[in-house]
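Student: To be precise about what I am sending: the file is called run.txt and holds compact mmCIF, C-alpha atoms.
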```
# COMPACT_ATOMS: atom_id res chain seq x y z
CA MET A 1 0.00 0.00 0.00
CA PRO A 2 1.16 3.60 -0.53
CA GLU A 3 2.97 5.32 2.33
CA THR A 4 0.56 6.87 4.83
CA SER A 5 2.30 10.22 4.58
CA LEU A 6 1.46 10.37 0.89
CA ALA A 7 -2.20 9.37 1.24
CA PRO A 8 -3.66 12.93 1.10
CA ASN A 9 -1.66 13.72 -2.05
CA LEU A 10 -2.67 10.40 -3.60
CA ASP A 11 -6.33 11.05 -2.86
CA SER A 12 -6.01 14.40 -4.61
CA ALA A 13 -4.14 12.87 -7.53
CA VAL A 14 -6.81 10.21 -8.06
CA GLN A 15 -9.52 12.86 -7.93
CA ASP A 16 -7.59 14.95 -10.46
CA LEU A 17 -7.27 12.01 -12.85
CA TYR A 18 -10.99 11.24 -12.71
CA THR A 19 -11.99 14.88 -13.12
CA ALA A 20 -9.35 16.87 -15.02
CA GLY A 21 -7.64 13.78 -16.45
CA ILE A 22 -4.18 14.98 -15.39
CA THR A 23 -2.26 15.52 -12.15
CA ALA A 24 1.33 16.28 -11.12
CA CYS A 25 3.95 15.95 -8.41
CA ARG A 26 6.23 19.00 -8.47
CA GLY A 27 9.88 18.50 -7.60
CA ALA A 28 9.71 14.71 -7.37
CA PHE A 29 13.33 14.59 -8.53
CA THR A 30 16.22 17.03 -8.53
CA PRO A 31 17.09 19.06 -11.63
CA GLU A 32 20.39 17.16 -11.70
CA TRP A 33 18.51 13.86 -11.91
CA ALA A 34 16.52 15.26 -14.83
CA ASP A 35 19.74 16.40 -16.50
CA ALA A 36 21.08 12.82 -16.36
CA MET A 37 17.78 11.66 -17.84
CA ARG A 38 18.23 14.14 -20.68
CA ASP A 39 21.74 12.79 -21.36
CA ASP A 40 20.30 9.29 -21.68
CA ILE A 41 17.49 10.52 -23.94
CA GLU A 42 19.90 12.35 -26.23
CA LYS A 43 22.13 9.31 -26.53
CA ALA A 44 19.19 7.03 -27.30
CA PHE A 45 17.71 9.55 -29.74
CA ALA A 46 20.95 9.81 -31.72
CA GLU A 47 21.19 6.00 -31.91
CA ALA A 48 17.52 5.59 -32.90
CA ARG A 49 17.63 8.17 -35.69
CA GLY A 50 20.60 6.38 -37.17
CA ARG A 51 18.69 3.21 -38.04
CA GLU A 52 15.50 2.18 -39.81
CA GLY A 53 12.45 2.09 -37.52
CA GLY A 54 14.36 3.55 -34.58
CA ALA A 55 12.29 6.74 -34.33
CA VAL A 56 8.71 7.27 -35.47
CA GLY A 57 7.29 10.60 -36.60
CA ARG A 58 4.58 12.24 -34.52
CA GLY A 59 4.34 15.26 -36.81
CA PRO A 60 6.85 17.46 -38.67
CA HIS A 61 10.08 17.72 -36.64
CA ARG A 62 8.53 15.64 -33.85
CA PHE A 63 9.61 12.10 -32.95
CA TYR A 64 8.86 9.25 -30.56
CA VAL A 65 11.39 6.61 -29.48
CA GLU A 66 10.81 3.59 -27.23
CA ILE A 67 13.74 2.38 -25.15
CA HIS A 68 14.64 -0.48 -22.83
CA PRO A 69 14.79 0.16 -19.05
CA GLU A 70 18.56 -0.30 -19.03
CA GLN A 71 18.95 2.71 -21.30
CA LEU A 72 17.69 4.99 -18.53
CA ARG A 73 20.01 5.21 -15.52
CA GLY A 74 17.18 6.49 -13.35
CA PHE A 75 14.64 3.82 -14.30
CA VAL A 76 14.42 2.28 -10.83
CA ASP A 77 14.32 5.73 -9.20
CA LEU A 78 11.34 6.55 -11.40
CA VAL A 79 9.23 3.42 -11.19
CA ASP A 80 9.97 2.98 -7.47
CA HIS A 81 9.19 6.60 -6.56
CA PRO A 82 6.47 6.58 -3.85
CA TRP A 83 4.21 8.98 -5.75
CA VAL A 84 4.49 7.07 -9.02
CA ARG A 85 3.90 3.72 -7.31
CA GLY A 86 1.11 5.14 -5.19
CA VAL A 87 -0.80 6.74 -8.05
CA ALA A 88 -0.41 3.65 -10.25
CA GLU A 89 -1.73 1.38 -7.51
CA ALA A 90 -4.56 3.68 -6.47
CA VAL A 91 -5.88 4.04 -10.02
CA LEU A 92 -4.89 0.77 -11.71
CA GLY A 93 -4.79 -1.70 -8.83
CA ALA A 94 -2.08 -3.55 -6.95
CA ASP A 95 -1.14 -5.66 -9.99
CA TYR A 96 -0.45 -2.73 -12.34
CA ARG A 97 2.02 -3.38 -15.15
CA ILE A 98 4.83 -1.22 -16.53
CA VAL A 99 4.42 -1.55 -20.30
CA GLU A 100 6.15 1.42 -21.96
CA LEU A 101 9.28 3.50 -21.61
CA GLY A 102 10.06 6.04 -24.29
CA PHE A 103 10.29 9.71 -25.07
CA ASP A 104 8.82 12.38 -27.33
CA VAL A 105 11.10 15.00 -28.85
CA PRO A 106 9.52 18.09 -30.44
CA LEU A 107 12.41 19.73 -32.28
CA ALA A 108 12.66 23.33 -33.45
CA GLY A 109 10.03 23.76 -36.15
CA ALA A 110 7.54 21.24 -34.73
CA VAL A 111 3.99 22.35 -35.57
CA ASN A 112 0.67 22.08 -33.74
CA GLN A 113 -0.55 18.51 -33.55
CA PRO A 114 -4.22 17.77 -34.20
CA TRP A 115 -6.23 17.26 -31.03
CA HIS A 116 -6.17 13.58 -30.17
CA ARG A 117 -6.06 10.83 -27.58
CA ASP A 118 -3.37 8.16 -27.69
CA PHE A 119 -5.63 5.14 -28.27
CA PRO A 120 -9.36 4.40 -28.60
CA MET A 121 -11.49 4.33 -25.46
CA PRO A 122 -11.50 0.87 -23.80
CA GLU A 123 -14.83 -0.75 -23.02
CA ALA A 124 -14.10 -0.60 -19.27
CA THR A 125 -13.90 3.17 -19.55
CA ARG A 126 -16.90 3.52 -21.84
CA HIS A 127 -19.26 1.37 -19.77
CA ARG A 128 -17.84 1.53 -16.25
CA ARG A 129 -15.95 4.87 -16.27
CA ARG A 130 -12.80 3.11 -15.12
CA LEU A 131 -9.32 4.26 -16.16
CA THR A 132 -7.17 1.33 -17.25
CA SER A 133 -3.93 3.09 -18.23
CA LEU A 134 -1.80 6.04 -17.16
CA ALA A 135 1.00 7.96 -18.87
CA PHE A 136 3.61 9.46 -16.56
CA ASN A 137 5.61 12.29 -18.17
CA LEU A 138 8.89 13.91 -17.12
CA THR A 139 10.29 16.92 -18.93
CA ALA A 140 14.01 17.00 -19.66
CA VAL A 141 14.03 20.82 -19.83
CA ASP A 142 12.39 23.73 -18.06
CA THR A 143 9.48 24.41 -20.40
CA ARG A 144 9.14 27.85 -21.95
CA GLU A 145 6.21 29.27 -23.89
CA ASP A 146 8.18 29.36 -27.16
CA MET A 147 9.11 25.66 -26.90
CA GLY A 148 5.65 24.38 -27.84
CA PRO A 149 4.15 23.41 -24.47
CA PHE A 150 1.91 20.38 -24.07
CA GLU A 151 -1.75 21.40 -24.22
CA ILE A 152 -4.60 19.40 -22.68
CA ALA A 153 -8.37 19.79 -22.50
CA PRO A 154 -9.32 18.79 -18.92
CA GLY A 155 -12.23 16.44 -18.40
CA THR A 156 -12.27 15.10 -21.95
CA GLN A 157 -11.09 11.61 -21.04
CA TRP A 158 -14.80 10.68 -21.00
CA ASP A 159 -15.62 12.13 -24.45
CA ASP A 160 -17.21 9.33 -26.46
CA ASP A 161 -18.16 10.37 -29.98
CA PRO A 162 -18.58 7.91 -32.87
CA ARG A 163 -17.25 10.63 -35.20
CA PHE A 164 -13.74 10.33 -33.68
CA GLY A 165 -11.38 9.21 -36.44
CA HIS A 166 -9.95 5.79 -35.53
CA GLY A 167 -11.52 6.37 -32.11
CA MET A 168 -8.77 8.91 -31.39
CA PHE A 169 -9.19 12.10 -33.45
CA PRO A 170 -12.12 14.42 -32.74
CA PRO A 171 -13.82 16.01 -35.75
CA ARG A 172 -12.51 19.46 -36.63
CA GLY A 173 -15.88 20.96 -35.86
CA SER A 174 -15.22 20.24 -32.17
CA TYR A 175 -11.82 21.99 -32.13
CA PRO A 176 -13.23 25.29 -30.78
CA ARG A 177 -14.55 23.43 -27.72
CA TYR A 178 -11.16 21.85 -27.02
CA ALA A 179 -9.42 25.19 -27.57
CA SER A 180 -11.76 26.82 -25.05
CA LEU A 181 -10.94 24.15 -22.45
CA ALA A 182 -7.23 23.96 -23.20
CA GLU A 183 -4.56 24.40 -20.55
CA ARG A 184 -0.88 24.66 -21.40
CA LYS A 185 1.57 22.97 -19.06
CA TYR A 186 4.98 24.36 -18.12
CA PRO A 187 6.72 21.63 -16.12
CA ARG A 188 10.26 22.06 -14.86
CA ARG A 189 13.08 19.55 -14.54
CA GLY A 190 12.26 17.14 -11.73
CA ASP A 191 8.45 17.39 -12.04
CA VAL A 192 6.35 14.30 -12.80
CA SER A 193 2.84 14.35 -14.23
CA ALA A 194 0.35 11.55 -14.68
CA ARG A 195 -2.53 11.65 -17.12
CA SER A 196 -5.09 9.49 -18.79
CA ALA A 197 -3.94 9.10 -22.39
CA LEU A 198 -7.65 9.39 -23.27
CA THR A 199 -7.75 13.04 -22.22
CA ILE A 200 -7.75 15.07 -25.44
CA HIS A 201 -4.41 16.82 -25.91
CA ARG A 202 -1.80 18.00 -28.39
CA GLY A 203 1.73 19.25 -28.67
CA THR A 204 1.91 22.87 -29.80
CA ALA A 205 4.27 24.57 -32.24
CA ASN A 206 7.90 24.86 -31.14
CA HIS A 207 9.01 28.36 -32.16
CA SER A 208 12.28 28.15 -30.22
CA PRO A 209 15.66 26.83 -31.43
CA ASP A 210 15.60 24.19 -28.68
CA ALA A 211 14.22 20.66 -28.47
CA ARG A 212 11.73 19.83 -25.69
CA PRO A 213 12.31 16.13 -24.83
CA VAL A 214 9.77 14.44 -22.55
CA LEU A 215 10.09 10.96 -21.04
CA VAL A 216 7.00 8.73 -21.18
CA LEU A 217 6.32 5.90 -18.73
CA GLY A 218 3.22 3.88 -19.60
CA ILE A 219 1.50 1.81 -16.92
CA ASP A 220 -1.56 -0.43 -17.42
CA ALA A 221 -4.10 -2.19 -15.30
CA PRO A 222 -4.00 -5.97 -15.89
CA GLY A 223 -5.63 -6.83 -19.19
CA ALA A 224 -5.59 -3.29 -20.60
CA GLY A 225 -3.64 -4.58 -23.59
CA ASN A 226 -1.32 -1.70 -24.38
CA ASP A 227 1.70 -3.94 -23.87
CA ALA A 228 1.03 -5.37 -27.35
CA GLN A 229 2.24 -2.04 -28.78
CA HIS A 230 5.60 -2.13 -27.01
CA ASP A 231 8.75 -4.25 -27.01
CA MET A 232 10.75 -3.44 -23.89
CA ALA A 233 13.06 -6.14 -22.54
CA VAL A 234 15.73 -6.50 -19.86
CA THR A 235 18.89 -8.57 -19.64
CA ARG A 236 19.20 -11.32 -17.04
CA GLU A 237 21.88 -9.40 -15.18
CA TYR A 238 19.73 -6.27 -15.01
CA TRP A 239 16.65 -8.27 -13.98
CA ALA A 240 18.58 -9.78 -11.09
CA SER A 241 19.62 -6.31 -9.92
CA LEU A 242 16.06 -4.96 -9.72
CA PRO A 243 14.19 -4.70 -6.41
CA GLY A 244 11.51 -7.33 -6.05
CA ARG A 245 8.69 -4.80 -6.02
CA VAL A 246 9.89 -3.44 -9.38
CA ARG A 247 10.16 -6.92 -10.92
CA ALA A 248 6.60 -7.63 -9.76
CA HIS A 249 5.27 -4.96 -12.13
CA LEU A 250 7.65 -5.46 -15.04
CA HIS A 251 6.17 -8.18 -17.25
CA CYS A 252 8.60 -8.14 -20.15
CA PRO A 253 11.03 -10.61 -21.73
CA VAL A 254 14.28 -11.34 -19.91
CA VAL A 255 16.99 -11.85 -22.52
CA GLU A 256 20.69 -12.55 -22.83
CA GLU A 257 21.29 -9.49 -25.00
CA LEU A 258 19.18 -6.46 -25.87
CA THR A 259 18.24 -5.73 -29.47
CA PRO A 260 17.30 -2.23 -30.67
CA ILE A 261 13.55 -1.60 -30.65
CA VAL A 262 11.72 -1.09 -33.94
CA GLN A 263 8.88 1.28 -33.11
CA LYS A 264 5.37 -0.21 -33.21
CA HIS A 265 3.21 2.46 -31.55
CA THR A 266 2.62 4.64 -34.58
CA ILE A 267 -0.22 7.19 -34.64
CA GLU A 268 -0.76 7.82 -38.34
CA GLY A 269 -3.02 10.82 -37.84
CA LEU A 270 -0.15 12.78 -36.27
CA VAL A 271 2.37 12.39 -39.08
CA MET A 272 1.37 15.52 -41.02
CA GLY A 273 0.57 17.74 -38.04
CA ASP A 274 -2.44 20.05 -37.87
CA ALA A 275 -3.46 21.86 -41.01
```
Take the structure from the file and write it as structure tokens.

Tutor:
Amino acid sequence: MPETSLAPNLDSAVQDLYTAGITACRGAFTPEWADAMRDDIEKAFAEARGREGGAVGRGPHRFYVEIHPEQLRGFVDLVDHPWVRGVAEAVLGADYRIVELGFDVPLAGAVNQPWHRDFPMPEATRHRRRLTSLAFNLTAVDTREDMGPFEIAPGTQWDDDPRFGHGMFPPRGSYPRYASLAERKYPRRGDVSARSALTIHRGTANHSPDARPVLVLGIDAPGAGNDAQHDMAVTREYWASLPGRVRAHLHCPVVEELTPIVQKHTIEGLVMGDA
């Protein structure tokens, strides 16, 4: 169970996720920890862009890369952080599963994405209003207005409209509603947010000369099924080094040697950006 001292914050976080669809823990890590994370992201990004299928486009000058846990020095710090563990358990249950580790990189020149959610609404959400997946995000930089901040329309995780393209993209006629609800987020190094990937959101245009890398940790309730979109693995040596309570939530192959991930979680509607 989550630490008693965190219970009030966890109660608030759960309420936030079921109302606004997003919540945050400010200063969960030090800026120096976030700087090390950025170093790992930049190394993995350079490697991924140098091979076929290593990075997938999420719009002009915007990329997504999935990585293995061993590529992030702070992986255990992140998944074993009391707030991350507590929120995951409170929303997804004691048997939650870590299914995704990756990062988004909006480069200079990235344009507005279309409003979207990351996957179609599951039946458990549609019929029982139960969240079955969370995305935890950590910025690698202190976000400025000109860097193309993340924009989210609170409360829209429950929007259920048969006109959504592929169950993910609202019709353009509804854009004014999302724009009227929209909140831009300006996280700083060390902050952690958690959101329902169903909450309608978009990346905005990056007018700065700087990239805005963001780490993504995806966690599912048992049976949610998002693990089919991801290919993380760990080596036997790394698996043996993990705390037992991390291993309990990491249902991925244990291998002798890691192979580079070919990206599977493509979102075709994001490739061209917003018109």

Student: Leaving out range 254-257 of chain A and any residue of its chain fewer than 6 positions from it, which residues lie within 10 Å of it when counting all atoms listed in the file, given as an mmCIF file with C-alpha atoms, in the frame of the given file?

Tutor:
```
data_model
loop_
_atom_site.group_PDB
_atom_site.id
_atom_site.type_symbol
_atom_site.label_atom_id
_atom_site.label_comp_id
_atom_site.auth_asym_id
_atom_site.auth_seq_id
_atom_site.Cartn_x
_atom_site.Cartn_y
_atom_site.Cartn_z
ATOM 1 C CA MET A 232 10.750 -3.440 -23.890
ATOM 2 C CA ALA A 233 13.060 -6.140 -22.540
ATOM 3 C CA VAL A 234 15.730 -6.500 -19.860
ATOM 4 C CA THR A 235 18.890 -8.570 -19.640
ATOM 5 C CA ARG A 236 19.200 -11.320 -17.040
ATOM 6 C CA GLU A 237 21.880 -9.400 -15.180
ATOM 7 C CA TYR A 238 19.730 -6.270 -15.010
ATOM 8 C CA TRP A 239 16.650 -8.270 -13.980
ATOM 9 C CA ALA A 240 18.580 -9.780 -11.090
#
```

Student: As a ChimeraX atom specification, please: the residues near Pro120 in chain A (cut-off 12 Å, only C-alpha atoms, same-chain neighbours under 6 positions excluded).

Tutor: /A:126,132-133,157-162,164-170,196-200,224-226,267

Student: Counting all atoms listed in the file, figure out which residue out of A:Leu258, A:Ala205, A:Val79, A:Ala28 gets nearest to Ser193 in chain A.

Tutor: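 So, comparing all the options, the nearest one is A:Ala28.
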
Student: Just the residues within 10 Å of Glu42 in chain A, please, counting all atoms listed in the file, with nothing from its chain fewer than 5 positions along; format it as a list in words.

Tutor: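 Counting all atoms listed in the file, the residues come to Ala36, Met37, Glu47, Ala48, Val105, Ala140 and Pro213 of chain A.
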
Student: Could you check how far CA of Gly74 in chain A sits from CA of Pro31 in chain A, in Å to one decimal?

Tutor: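 For CA of Gly74 in chain A relative to CA of Pro31 in chain A, the distance reads 12.7 Å.
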
Student: Select all residues near (6.1, 18.5, -16.9) (cut-off 6 Å, inclusive, file coordinates), counting all atoms listed in the file, and output them as a list of chain:residue names.

Tutor: A:Leu138, A:Thr139, A:Pro187, A:Arg188, A:Asp191, A:Val192, A:Ser193

Student: Per residue of range 51-104 of chain A within 9 Å of range 13-16 of chain A, record the nearest atom pair and its distance in Å to one decimal, counting all atoms listed in the file, with rows in chain order and ascending residue number, as CSV.

Tutor:
```
residue,atom,partner,partner_atom,distance
A:Val87,CA,A:Val14,CA,6.9
A:Ala90,CA,A:Val14,CA,7.1
A:Val91,CA,A:Val14,CA,6.5
```

Student: Store the residues of this selection in a file with C-alpha atoms, as an mmCIF file, in the frame of the given file.

Tutor:
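The resulting file, part.cif, is reproduced below:
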```cif
data_model
loop_
_atom_site.group_PDB
_atom_site.id
_atom_site.type_symbol
_atom_site.label_atom_id
_atom_site.label_comp_id
_atom_site.auth_asym_id
_atom_site.auth_seq_id
_atom_site.Cartn_x
_atom_site.Cartn_y
_atom_site.Cartn_z
ATOM 1 C CA VAL A 87 -0.800 6.740 -8.050
ATOM 2 C CA ALA A 90 -4.560 3.680 -6.470
ATOM 3 C CA VAL A 91 -5.880 4.040 -10.020
#
```

Student: Identify, on the basis of all atoms listed in the file, every residue whose closest approach to Ala221 in chain A does not exceed 9 Å; exclude the query and any residue fewer than 5 positions from it along the same chain; express the result as a PDB file with C-alpha atoms, keeping the file's coordinate frame.

Tutor:
```
ATOM      1  CA  ALA A  88      -0.410   3.650 -10.250  1.00  0.00           C
ATOM      2  CA  GLU A  89      -1.730   1.380  -7.510  1.00  0.00           C
ATOM      3  CA  VAL A  91      -5.880   4.040 -10.020  1.00  0.00           C
ATOM      4  CA  LEU A  92      -4.890   0.770 -11.710  1.00  0.00           C
ATOM      5  CA  GLY A  93      -4.790  -1.700  -8.830  1.00  0.00           C
ATOM      6  CA  ALA A  94      -2.080  -3.550  -6.950  1.00  0.00           C
ATOM      7  CA  ASP A  95      -1.140  -5.660  -9.990  1.00  0.00           C
ATOM      8  CA  TYR A  96      -0.450  -2.730 -12.340  1.00  0.00           C
ATOM      9  CA  ARG A  97       2.020  -3.380 -15.150  1.00  0.00           C
ATOM     10  CA  LEU A 131      -9.320   4.260 -16.160  1.00  0.00           C
ATOM     11  CA  THR A 132      -7.170   1.330 -17.250  1.00  0.00           C
ATOM     12  CA  SER A 133      -3.930   3.090 -18.230  1.00  0.00           C
ATOM     13  CA  LEU A 134      -1.800   6.040 -17.160  1.00  0.00           C
TER      14      LEU A 134
END
```

Student: Counting all atoms listed in the file, figure out which residue out of A:Ser174, A:Arg184, A:Glu70, A:Gly148 gets nearest to Leu242 in chain A.

Tutor: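 Distance minimum relative to Leu242 in chain A lands on A:Glu70.
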
Student: Name all residues at most 7 Å from His207 in chain A (count all atoms listed in the file; drop same-chain ones fewer than 3 positions away) and give them as a PDB file with C-alpha atoms, in the coordinates of the input.

Tutor:
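Written file, selection.pdb:
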```
ATOM      1  CA  ALA A 108      12.660  23.330 -33.450  1.00  0.00           C
ATOM      2  CA  GLY A 109      10.030  23.760 -36.150  1.00  0.00           C
ATOM      3  CA  ASP A 146       8.180  29.360 -27.160  1.00  0.00           C
ATOM      4  CA  MET A 147       9.110  25.660 -26.900  1.00  0.00           C
ATOM      5  CA  GLY A 148       5.650  24.380 -27.840  1.00  0.00           C
TER       6      GLY A 148
END
```

Student: What does the distance between CA of Asp39 in chain A and CA of Phe103 in chain A come to in Å, to one decimal place?

Tutor: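 Distance between the two atoms: 12.4 Å.
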
Student: With only C-alpha atoms as the atoms that count, which of A:Arg163, A:His68, A:Arg212, A:His116 lies nearest to Cys252 in chain A?

Tutor: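 For Cys252 in chain A, the nearest of the given residues is A:His68.
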
Student: With distances taken over only C-alpha atoms, which of A:Asp40, A:Pro171, A:Ala153, A:Val216 is nearest to Arg73 in chain A?

Tutor: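 For Arg73 in chain A, the nearest of the given residues is A:Asp40.
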
Student: How many Å separate CA of Gly27 in chain A from CA of Val84 in chain A?

Tutor: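 Going from CA of Gly27 in chain A over to CA of Val84 in chain A, I get 12.7 Å.
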
Student: Which one of A:Glu151, A:Asp80, A:Asp35, A:Asp210 sits closest to Trp115 in chain A if you count all atoms listed in the file?

Tutor: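 Answer, going by the shortest atom-to-atom distance: A:Glu151.
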
Student: Nearest residue to Ile261 in chain A out of A:Ile67, A:Val214, A:Ala46, A:Leu10, using only C-alpha atoms?

Tutor: A:Ile67
